[in-house]
$ cat protein20.txt   # compact mmCIF, C-alpha atoms
# COMPACT_ATOMS: atom_id res chain seq x y z
CA MET V 6 -12.49 27.86 13.18
CA GLY V 7 -16.00 26.55 13.59
CA LYS V 8 -18.50 28.56 15.60
CA ASP V 9 -18.89 27.69 19.27
CA THR V 10 -22.36 26.76 20.50
CA SER V 11 -23.78 26.73 24.01
CA GLY V 12 -22.19 24.00 26.09
CA GLU V 13 -20.01 22.73 23.24
CA ILE V 14 -16.43 21.97 24.24
CA ALA V 15 -15.20 20.88 20.81
CA ASN V 16 -16.30 19.71 17.39
CA ILE V 17 -14.18 17.80 14.89
CA ASP V 18 -14.52 15.85 11.67
CA LEU V 19 -15.78 12.38 12.65
CA ASP V 20 -13.68 10.44 10.13
CA LEU V 21 -10.52 12.29 11.17
CA PHE V 22 -11.19 11.44 14.82
CA ARG V 23 -11.82 7.79 13.87
CA ARG V 24 -8.56 7.50 11.95
CA VAL V 25 -6.49 9.08 14.71
CA SER V 26 -8.04 6.84 17.37
CA MET V 27 -6.86 3.73 15.47
CA VAL V 28 -3.42 3.97 17.11
CA ARG V 29 -4.52 4.60 20.69
CA ALA V 30 -3.58 1.98 23.26
CA ARG V 31 -5.90 -0.73 24.55
CA GLY V 32 -5.75 -1.51 28.26
CA ASP V 33 -2.50 0.37 28.91
CA VAL V 34 -1.74 1.22 32.53
CA ARG V 35 -0.92 4.70 31.26
CA TYR V 36 -4.66 5.34 31.08
CA TYR V 37 -4.37 8.55 29.03
CA LEU V 38 -2.95 6.52 26.10
CA ASN V 39 -6.23 4.59 25.88
CA ALA V 40 -7.98 7.81 24.84
CA VAL V 41 -7.65 10.64 22.30
CA LEU V 42 -6.39 14.12 23.09
CA VAL V 43 -8.46 16.90 21.51
CA GLN V 44 -6.81 20.30 21.86
CA PRO V 45 -7.12 23.81 20.43
CA HIS V 46 -4.80 24.98 17.66
CA GLN V 47 -4.47 28.39 16.05
CA ASP V 48 -5.52 26.81 12.74
CA GLY V 49 -8.46 24.79 14.12
CA VAL V 50 -8.46 21.74 16.38
CA LEU V 51 -6.04 18.82 16.81
CA ALA V 52 -6.73 15.17 17.61
CA VAL V 53 -3.76 13.17 18.94
CA ALA V 54 -3.44 9.48 19.83
CA SER V 55 -0.53 7.18 20.61
CA ASP V 56 0.09 3.73 22.08
CA GLY V 57 3.71 4.57 22.92
CA HIS V 58 5.02 3.08 19.66
CA ARG V 59 2.88 4.85 17.06
CA LEU V 60 1.57 8.40 16.92
CA LEU V 61 -1.13 10.01 14.80
CA VAL V 62 -1.91 13.74 14.79
CA GLY V 63 -4.81 15.19 12.82
CA LEU V 64 -5.68 18.84 12.18
CA ASP V 65 -9.25 19.89 11.38
CA ARG V 66 -9.20 23.47 10.11
CA ARG V 67 -12.99 23.72 10.37
CA GLY V 68 -13.07 22.43 13.93
CA MET V 69 -13.37 24.20 17.26
CA CYS V 70 -12.01 23.42 20.70
CA ALA V 71 -12.62 25.59 23.76
CA ARG V 72 -10.27 23.65 26.03
CA PRO V 73 -8.11 20.50 25.84
CA ILE V 74 -9.84 17.22 26.70
CA ILE V 75 -8.67 13.60 26.76
CA VAL V 76 -11.71 11.59 25.71
CA ASP V 77 -12.39 7.85 25.69
CA LEU V 78 -15.06 7.20 23.05
CA SER V 79 -16.08 3.70 21.98
CA ALA V 80 -15.00 2.71 18.47
CA ASP V 81 -18.53 1.91 17.29
CA ALA V 82 -19.49 5.58 17.67
CA ALA V 83 -17.71 6.29 14.38
CA LYS V 84 -18.75 3.18 12.42
CA GLY V 85 -19.88 3.93 8.89
CA ALA V 86 -18.72 7.53 9.09
CA LYS V 87 -19.62 9.48 5.94
CA GLN V 88 -17.70 12.37 4.47
CA GLY V 89 -18.50 15.61 6.25
CA GLU V 90 -20.04 14.11 9.39
CA ARG V 91 -18.93 15.86 12.55
CA LEU V 92 -18.48 14.93 16.18
CA SER V 93 -19.45 17.39 18.91
CA PHE V 94 -18.39 17.11 22.54
CA VAL V 95 -20.85 18.90 24.80
CA GLU V 96 -20.91 19.45 28.56
CA SER V 97 -22.78 16.64 30.31
CA THR V 98 -25.20 16.88 33.23
CA VAL V 99 -24.05 13.44 34.44
CA GLY V 100 -20.88 14.85 35.95
CA PRO V 101 -17.51 16.46 35.20
CA THR V 102 -15.91 13.14 34.20
CA PHE V 103 -18.23 12.69 31.20
CA VAL V 104 -19.12 14.58 28.03
CA GLN V 105 -21.95 14.08 25.58
CA ALA V 106 -20.55 12.87 22.24
CA ILE V 107 -22.96 13.85 19.45
CA ARG V 108 -22.57 12.63 15.88
CA ARG V 109 -24.06 15.13 13.42
CA ARG V 110 -24.89 15.06 9.72
CA PRO V 111 -22.55 16.94 7.36
CA ASP V 112 -23.18 20.55 6.40
CA GLU V 113 -23.48 19.63 2.73
CA ILE V 114 -26.54 17.36 3.01
CA VAL V 115 -29.62 18.84 1.34
CA ASP V 116 -33.03 17.19 0.94
CA LYS V 117 -33.57 17.52 -2.83
CA ARG V 118 -37.34 17.03 -2.56
CA PHE V 119 -37.98 19.89 -0.18
CA GLY V 120 -34.74 21.87 -0.33
CA VAL V 121 -34.31 21.51 3.43
CA ARG V 122 -30.80 21.55 4.85
CA ASN V 123 -30.20 18.80 7.39
CA ALA V 124 -26.92 20.25 8.57
CA GLY V 125 -26.23 19.47 12.19
CA ASP V 126 -29.08 16.98 12.65
CA VAL V 127 -28.17 14.44 15.33
CA ILE V 128 -27.42 10.92 14.09
CA ASP V 129 -26.23 9.48 17.39
CA GLY V 130 -25.59 10.70 20.91
CA ARG V 131 -23.84 8.92 23.76
CA LEU V 132 -21.77 9.53 26.85
CA ALA V 133 -18.00 9.54 26.56
CA LYS V 134 -15.62 9.36 29.49
CA LEU V 135 -13.09 12.09 30.13
CA VAL V 136 -9.66 10.91 31.23
CA GLU V 137 -7.84 12.97 33.85
CA GLY V 138 -4.11 13.53 33.76
CA LYS V 139 -1.55 15.04 31.41
CA PHE V 140 -1.10 13.66 27.90
CA PRO V 141 2.61 13.17 26.96
CA ASN V 142 4.44 16.02 25.26
CA TRP V 143 4.05 14.56 21.78
CA VAL V 144 5.27 17.75 20.08
CA SER V 145 8.78 17.24 21.47
CA ILE V 146 9.05 14.02 19.43
CA ILE V 147 8.22 15.41 16.00
CA THR V 148 9.30 19.06 15.95
CA PRO V 149 11.71 20.01 13.15
CA ARG V 150 14.22 21.23 15.77
CA LYS V 151 14.55 17.71 17.13
CA LEU V 152 14.38 15.93 13.78
CA GLY V 153 16.91 18.19 12.07
CA LYS V 154 16.67 18.48 8.29
CA ALA V 155 13.64 16.52 7.09
CA SER V 156 14.09 13.91 4.39
CA GLY V 157 11.69 11.32 3.11
CA PHE V 158 9.76 9.88 0.21
CA VAL V 159 6.24 9.71 -1.21
CA VAL V 160 4.75 6.24 -1.68
CA ASN V 161 1.45 4.72 -2.75
CA PRO V 162 -0.36 3.79 0.51
CA VAL V 163 -1.78 0.64 -1.11
CA TYR V 164 1.75 -0.56 -1.90
CA MET V 165 2.84 0.14 1.67
CA ARG V 166 -0.13 -1.71 3.16
CA GLU V 167 0.34 -4.77 0.95
CA MET V 168 4.08 -4.85 1.55
CA MET V 169 3.67 -4.74 5.33
CA ARG V 170 0.95 -7.40 5.13
CA ALA V 171 3.37 -9.65 3.24
CA MET V 172 5.88 -9.21 6.06
CA GLN V 173 3.44 -10.32 8.77
CA PHE V 174 4.74 -13.78 9.59
CA SER V 175 4.98 -15.07 13.15
CA ARG V 176 8.63 -15.96 12.62
CA PHE V 177 9.56 -12.33 11.92
CA SER V 178 9.97 -10.12 15.00
CA GLY V 179 10.09 -6.80 13.15
CA VAL V 180 10.67 -5.08 9.80
CA GLU V 181 13.58 -2.83 8.87
CA VAL V 182 12.75 0.04 6.48
CA LEU V 183 15.84 1.28 4.64
CA MET V 184 16.68 3.92 2.05
CA THR V 185 19.74 3.97 -0.18
CA ASP V 186 22.01 6.93 -0.91
CA ALA V 187 19.72 7.73 -3.84
CA GLY V 188 17.35 9.31 -1.31
CA ALA V 189 13.77 10.13 -2.33
CA ASN V 190 14.32 8.82 -5.88
CA GLY V 191 15.72 5.45 -4.85
CA PRO V 192 14.03 2.21 -3.78
CA ILE V 193 12.69 1.67 -0.26
CA PHE V 194 13.70 -1.71 1.18
CA PHE V 195 11.64 -3.76 3.64
CA ILE V 196 13.65 -6.47 5.37
CA PRO V 197 12.08 -8.61 8.12
CA ALA V 198 14.10 -9.19 11.26
CA ARG V 199 14.52 -12.96 11.41
CA ALA V 200 13.41 -15.01 14.39
CA ASN V 201 15.20 -18.02 12.82
CA ALA V 202 17.10 -18.87 9.66
CA ASP V 203 14.31 -20.81 7.95
CA MET V 204 13.14 -17.97 5.74
CA GLU V 205 14.38 -14.67 4.40
CA LEU V 206 12.38 -12.00 2.61
CA VAL V 207 13.25 -8.66 1.05
CA GLY V 208 10.67 -6.23 -0.30
CA ILE V 209 11.19 -3.15 -2.45
CA VAL V 210 8.78 -0.28 -3.12
CA MET V 211 9.64 2.48 -5.56
CA PRO V 212 8.62 6.00 -4.49
CA MET V 213 6.09 7.97 -6.51
CA LEU V 214 7.13 10.89 -8.68
CA PHE V 215 6.29 14.09 -6.82
CA ASP V 216 6.59 17.76 -7.70
CA ARG V 217 8.21 18.80 -4.43
CA SER V 218 10.41 17.44 -1.68
CA PRO V 219 8.46 15.86 1.20
CA ASP V 220 8.44 18.05 4.29
CA LEU V 221 6.69 18.36 7.62
CA PRO V 222 3.38 20.31 7.60
CA SER V 223 3.91 23.95 8.56
CA TRP V 224 1.34 23.79 11.38
CA ILE V 225 3.46 21.22 13.25
CA GLY V 226 6.13 23.83 13.89
CA ASN V 227 3.78 26.21 15.74
CA THR V 228 2.04 23.63 17.94
CA VAL V 229 2.35 23.27 21.71
CA ALA V 230 1.14 20.06 23.37
CA ALA V 231 -1.78 20.65 25.72
CA GLY V 232 -0.65 20.74 29.34
CA HIS V 233 2.96 21.51 28.40
CA GLU V 234 2.69 25.25 27.78
CA LYS V 235 5.53 27.39 29.12
CA PRO V 236 4.43 29.91 31.78
CA ALA V 237 4.34 33.53 30.69
CA LYS V 238 7.37 35.57 31.76
CA GLN V 239 6.82 38.02 34.61
CA PRO V 240 7.83 41.66 33.98
CA ALA V 241 11.10 42.45 35.73
CA ASP V 242 9.49 45.04 38.04
CA GLN V 243 6.39 42.97 38.88
CA PRO V 244 6.47 40.80 42.03
CA ALA V 245 5.66 37.13 41.45
CA GLY V 246 2.00 36.33 42.01
CA GLU V 247 0.79 39.91 41.46
CA VAL V 248 -2.01 40.26 38.93
CA THR V 249 -2.13 43.34 36.75
CA ALA V 250 -5.26 44.82 35.21

$ encode --input "protein20.txt" --output "structure tokens"
Amino acid sequence: MGKDTSGEIANIDLDLFRRVSMVRARGDVRYYLNAVLVQPHQDGVLAVASDGHRLLVGLDRRGMCARPIIVDLSADAAKGAKQGERLSFVESTVGPTFVQAIRRRPDEIVDKRFGVRNAGDVIDGRLAKLVEGKFPNWVSIITPRKLGKASGFVVNPVYMREMMRAMQFSRFSGVEVLMTDAGANGPIFFIPARANADMELVGIVMPMLFDRSPDLPSWIGNTVAAGHEKPAKQPADQPAGEVTA
């Protein structure tokens, strides 16, 4: 984990935070979905966002998080993010409902003329609003216990993006994604749900050759959603509410 500094609540890779925040809601009455959950993890720090239909979870192994926060940060704070730039959330003097969001230069930047490291220099600083409430228990949706045996395929993301773009017609209300009995080695079918009978479209993407079977990341299995931790069990001979040294 990254080293904690005075007043710092969390720090995370800026580009990772930007990518995760792409799927957060906009103007949802469930106000916590309009923000990003940043929570501690034994392997670093997690960023989680969802609009109720999509979910993105990112793990930064170099990050640090002292306590879970649900933060609403404007999208332009991460514009033009360069590799290695980091985002720090620091306690704010404005009040408990705000944090200072500080964009810092990457650790790897070195001034070749003078040999001066610019690591941690501030690029941008602004206030970000903290959202009160409890973020949904997103772990319960994606844990291996609930999903059963994982199965899937590996595809070129460019092919996926272009295929879905081709399916974006106003007359189609949705897209079915199907696999055949051939499993990970067979074609993946994209079939738009028809709003009328004027047009039909079927797309096929072949999976990439891969040297292992796709599986869920190991860190997903040992994650607990912030705010949904199970209370510690009381010893049998200890009265409830009693604190031991």

$ residues_around --input "protein20.txt" --residues "region 98-107 of chain V" --least-positions-apart "4" --cutoff "9 Å" --atoms "only C-alpha atoms" --output "ChimeraX atom specification"
/V:14,76,78,82,91-94,127-137

$ write_last_selection --input "protein20.txt" --atoms "C-alpha atoms" --output "PDB file, keeping the file's coordinate frame"
ATOM      1  CA  ILE V  14     -16.430  21.970  24.240  1.00  0.00           C
ATOM      2  CA  VAL V  76     -11.710  11.590  25.710  1.00  0.00           C
ATOM      3  CA  LEU V  78     -15.060   7.200  23.050  1.00  0.00           C
ATOM      4  CA  ALA V  82     -19.490   5.580  17.670  1.00  0.00           C
ATOM      5  CA  ARG V  91     -18.930  15.860  12.550  1.00  0.00           C
ATOM      6  CA  LEU V  92     -18.480  14.930  16.180  1.00  0.00           C
ATOM      7  CA  SER V  93     -19.450  17.390  18.910  1.00  0.00           C
ATOM      8  CA  PHE V  94     -18.390  17.110  22.540  1.00  0.00           C
ATOM      9  CA  VAL V 127     -28.170  14.440  15.330  1.00  0.00           C
ATOM     10  CA  ILE V 128     -27.420  10.920  14.090  1.00  0.00           C
ATOM     11  CA  ASP V 129     -26.230   9.480  17.390  1.00  0.00           C
ATOM     12  CA  GLY V 130     -25.590  10.700  20.910  1.00  0.00           C
ATOM     13  CA  ARG V 131     -23.840   8.920  23.760  1.00  0.00           C
ATOM     14  CA  LEU V 132     -21.770   9.530  26.850  1.00  0.00           C
ATOM     15  CA  ALA V 133     -18.000   9.540  26.560  1.00  0.00           C
ATOM     16  CA  LYS V 134     -15.620   9.360  29.490  1.00  0.00           C
ATOM     17  CA  LEU V 135     -13.090  12.090  30.130  1.00  0.00           C
ATOM     18  CA  VAL V 136      -9.660  10.910  31.230  1.00  0.00           C
ATOM     19  CA  GLU V 137      -7.840  12.970  33.850  1.00  0.00           C
TER      20      GLU V 137
END

$ closest_residue --input "protein20.txt" --among "V:Leu21, V:Ala40, V:Ile196, V:Val229" --to "Arg66 (chain V)" --atoms "only C-alpha atoms"
V:Leu21

$ closest_residue --input "protein20.txt" --among "V:Gly89, V:Trp143, V:Pro73, V:Glu96" --to "Gly57 (chain V)" --atoms "all atoms listed in the file"
V:Trp143

$ residues_around --input "protein20.txt" --residues "Leu61 (chain V)" --least-positions-apart "2" --cutoff "6 Å" --atoms "all atoms listed in the file" --output "PyMOL selection string"
chain V and resi 25+53-54

$ residues_around --input "protein20.txt" --residues "Gln88 (chain V)" --least-positions-apart "5" --cutoff "9 Å" --atoms "all atoms listed in the file" --output "PyMOL selection string"
chain V and resi 18-20+111

$ atom_distance --input "protein20.txt" --atom1 "CA of Leu64 (chain V)" --atom2 "CA of Leu51 (chain V)"
4.6 Å

$ closest_residue --input "protein20.txt" --among "V:Ala230, V:Ile17, V:Ala80, V:Val50" --to "Arg29 (chain V)" --atoms "only C-alpha atoms"
V:Ala80
